[in-house]
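> Starting off with a structure, shown below.
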Amino acid sequence: MEIKDLLLIILPILTALLSSYLTFFFAIKGKQKEAMLKFKEEKYSNLIIALQGFVGSTVSAETKRKFFEEQYKSWLYSSDEVVESINNLIRLLIEEQGNQPDPQKGREIIGTIILEMRKDLLGKTNLSYKDFRYTDVIS
């Protein structure tokens, strides 16, 4: 048997094996990425809901506590930009020492947190922090 005949037998088998492996590898990677995005979306939703504890008539110590619990966990999965934007909120709260922060500065910081979460989930966005609006519903 010549090398040419041997290659005609082995090459299709190697190609099929390599193709199968690559298909499997990319399918697993895709499922992992999808699962991580779903996980992050759920966790970011919890953070956003807890952010209400800092705004308008929904200000509450319990919701703030919940936010900080979620924020500590977020170090495990959040992008650097999300962590930095949350740190900016915490910095503002520390600087104000319990006083009401400048509403415009607060809106900017909270809008930036939401925007960075959105970028982390979607990859990019054309929105700015100004596009996020918190509506305070009064009964």
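To be explicit about the labels: the chains of the structure tokens are called A, B, and onward in the order shown, and within each one the residues are counted from 1, while ligands get numbers from 1 in the order they are shown.
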Could you list, as a PyMOL selection string, every residue within 12 Å of region 53-64 of chain A, counting only C-alpha atoms and ignoring same-chain residues fewer than 3 positions away?
chain A and resi 46-50+67-71+89-90+92-93+98-104+106-107+109-111+133-139
> What parts of chain A does DSSP call alpha helix (DSSP H)? I'd like the answer as number ranges by chain.
A: 3-51, 61-74, 80-96, 103-122
> When you look at Glu116 (chain A) with a cut-off of 8 Å (counting only C-alpha atoms), what residues show up, excluding the ones that are within fewer than 4 positions of it in the same chain? I need them as a list of chain:residue names.
A:Glu81, A:Val82, A:Ser85, A:Thr112, A:Asp120
> Mind dumping the selected residues with N, CA, C and O atoms as a PDB file, in the first residue's frame?

```
ATOM      1  N   GLU A  81     -16.232  47.078  34.754  1.00  0.00           N
ATOM      2  CA  GLU A  81     -16.958  48.349  34.612  1.00  0.00           C
ATOM      3  C   GLU A  81     -18.175  48.406  35.535  1.00  0.00           C
ATOM      4  O   GLU A  81     -18.481  49.458  36.098  1.00  0.00           O
ATOM      5  N   VAL A  82     -18.863  47.286  35.703  1.00  0.00           N
ATOM      6  CA  VAL A  82     -20.016  47.253  36.618  1.00  0.00           C
ATOM      7  C   VAL A  82     -19.538  47.458  38.049  1.00  0.00           C
ATOM      8  O   VAL A  82     -20.105  48.253  38.797  1.00  0.00           O
ATOM      9  N   SER A  85     -18.603  51.096  38.560  1.00  0.00           N
ATOM     10  CA  SER A  85     -19.750  52.008  38.627  1.00  0.00           C
ATOM     11  C   SER A  85     -20.494  51.858  39.956  1.00  0.00           C
ATOM     12  O   SER A  85     -20.966  52.852  40.515  1.00  0.00           O
ATOM     13  N   THR A 112     -25.470  55.038  35.104  1.00  0.00           N
ATOM     14  CA  THR A 112     -24.216  54.434  34.640  1.00  0.00           C
ATOM     15  C   THR A 112     -24.121  52.974  35.079  1.00  0.00           C
ATOM     16  O   THR A 112     -23.648  52.122  34.318  1.00  0.00           O
ATOM     17  N   ASP A 120     -22.439  44.790  29.676  1.00  0.00           N
ATOM     18  CA  ASP A 120     -21.905  43.485  30.042  1.00  0.00           C
ATOM     19  C   ASP A 120     -22.759  42.360  29.453  1.00  0.00           C
ATOM     20  O   ASP A 120     -22.232  41.344  29.019  1.00  0.00           O
TER      21      ASP A 120
END
```
> Please identify all polymer residues within 9 Å of region 36-38 of chain A, counting only C-alpha atoms, omitting same-chain residues fewer than 4 positions from it, and present them as a PyMOL selection string.
chain A and resi 31-32+42-43+77+120-121
> Just give me the gap between CA of Asn87 (chain A) and CA of Leu127 (chain A) in Å, one decimal is fine.
21.2 Å
> What separation in Å, quoted to one decimal, exists between CA of Glu41 (chain A) and CA of Leu122 (chain A)?
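Separating CA of Glu41 (chain A) from CA of Leu122 (chain A) is a distance of 10.2 Å.
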> So the first atom is CA of Lys73 (chain A) and the second is CA of Tyr44 (chain A); what is the distance between them in Å, to one decimal place?
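Separation between CA of Lys73 (chain A) and CA of Tyr44 (chain A): 10.7 Å.
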